[in-house]
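These notes are about the structure you will find just below.
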Amino acid sequence: MEQILNGYMLGQWQRCKRPQLISKTHTLTKWRPQSLLSACLRHAIFNLSNGQALDKVAVTACNNFLSAAKNPGLDVYGIDTYTLSMDYLAIIRNVLEYLSRITLLTLREIPNQSLALNVWWQFLSHMDESGVLHRWKFVDYIDEDVLPELHSWEVFGDIAAAQAPMTLHLVSIGQRRGCHQNSPWCRIYAHPKLPNIHYFKKRKGELAGEWKPVWFSGNSNNSPKEWVDVMMRDNAVDEVIRHIQVKEVAKEHIALFDKDVLFEAAQMKEYDKSDPRDLPLSRYACDHPYACPHQLFCYNLKLTLDNAGIYTRKQRGEINVGVA
């Protein structure tokens, strides 16, 4: 039986084996907002890079996000999901508006790479015409130390399997505060004494302390074109997008990649039919880098995958490819 692995699946497996086993038969019903945003934007950027019109790409991406946010819904509780969704739609529209103004190389899908008999590597990045990989990652903020990102299986794995360099595109979308996403892509500051002037940073001086956040979604007359114009005027884009050139890895690291992936593939095959609860909890992964959505099942031993209320049983033949 063929095994198809990718960077997301391998990273998840090494953090905690339970989610990977759960995904064999069940899928989480609701979306993490950031995962849904990433899926919609990556698909939109791929289409934009291949010549589709901005308006069509943006409308499709927003409709896809809104449809999934309504049904099956977002995995957040105690907040106004409509307000949050409007901020995410603003992020989608404004990110795409900005990217339409810069050069995006034409991208293509990469066929799965055979690593051994019946073991295949599935690429999560795309490749341009010169053979360089491109991966778009949407993060809370862009850290000066990007080594953890470069060491991830999503980045290192694709580079090693393709034996090619990569451009890693990091886009900061901010963190959620209350019902709002705190990001220049969807929030600007205004002052009551300067009703027609807006800035992406609070201004100092005699007007300090009176600047209030204003949200893109709060005014139907806001347009991505004008919003991004002001972002560029204030140099706000420089803080929320970074393009990192990553060199291809040496042959000895490619050999290590093959060895490590095949080792983990054998482990996955060994535990393929196991009950998730037969494996120990990876307790650090329960809350890092975010609260694991499987906690309800793992910590309440009275629940099963079918009655926990957070899963949908997969249809026969449905393939798990993961969302990175």
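Chain labels follow the order of the structure tokens: the first chain is A, the next B, and so on; residue numbering restarts at 1 in every chain, and ligands are counted from 1 in their shown order.
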Quiz prompt | Exercise: Glu97 (chain A) partners within 10 Å, only C-alpha atoms, chain neighbours under 4 positions left out, as a PyMOL selection string | solution = chain A and resi 54-55+58+91-93+101-102+223-229
Quiz item: Per DSSP on the backbone, what are the strand (DSSP E) residues of region 31-169 of chain A, as number ranges by chain?
Solution: A: 107-108, 113-116, 119-121, 126-128, 133-139, 166-169
Self-check item: Polymer residues at most 7 Å from region 15-28 of chain A, only C-alpha atoms, same-chain spacing of 4 or more positions, as number ranges by chain
Solution: A: 11, 272, 276, 279, 282, 285, 310-314, 320
Quiz prompt | Using only C-alpha atoms: which of A:Asn222, A:Ser172, A:Asn118, A:Ser152 has the shortest distance to Ile241 (chain A) | solution = A:Ser172
Quiz item: From the set A:Gly309, A:Pro33, A:Gly157, A:Pro289, which residue has the shortest atom-to-atom contact distance to Leu124 (chain A), counting only C-alpha atoms?
Solution: A:Gly157
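Distance check against Glu154 (chain A) using only C-alpha atoms: of A:Lys212, A:Arg177, A:His243, A:His126, the minimum falls on A:His126.
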Exercise. Select, from A:Glu264, A:Asp80, A:Asp87, A:Glu248, the residue with the minimum atom-to-atom distance to Val132 (chain A), counting only C-alpha atoms.
Key: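 Looking only at the distances to Val132 (chain A), the closest residue turns out to be A:Glu248.
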Quiz prompt | Distance criterion (only C-alpha atoms): nearest to Asn219 (chain A) out of A:Val261, A:Gln163, A:Ala90, A:Leu170 | solution = A:Ala90
Practice problem: Point out the residue among A:Ala44, A:Ile173, A:Cys179, A:Ile159 with the least atom-to-atom distance to Tyr141 (chain A), counting only C-alpha atoms. | Solution: A:Ile173
Quiz item: Do you have the CA of Leu147 (chain A)-CA of Leu104 (chain A) distance handy?
Solution: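 According to the coordinates, CA of Leu147 (chain A) and CA of Leu104 (chain A) are separated by 24.7 Å.
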Self-check item: DSSP-assigned helix (DSSP H, G or I) among region 73-156 of chain A, expressed as a ChimeraX atom specification
Solution: /A:73,81-99,147-151,153-156
Quiz prompt | Selection: 8 Å around Val155 (chain A), only C-alpha atoms, excl. self and same-chain fewer than 6 positions, as a list in words | solution = Gly7, Arg135, Glu149 and Leu168 of chain A
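CA of Ile45 (chain A) sits 24.3 Å away from CA of Asp234 (chain A).
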Exercise. Might you pull out every residue within 12 Å of region 192-200 of chain A, with only C-alpha atoms counted and same-chain residues fewer than 3 positions away left off, and present them as number ranges by chain?
Key: A: 182-189, 203-204, 206-216, 226-237, 239-240
Quiz item: Residues at most 7 Å from region 110-114 of chain A, counting only C-alpha atoms, excluding those fewer than 6 positions away in the same chain, as a count of residues only?
Solution: 7
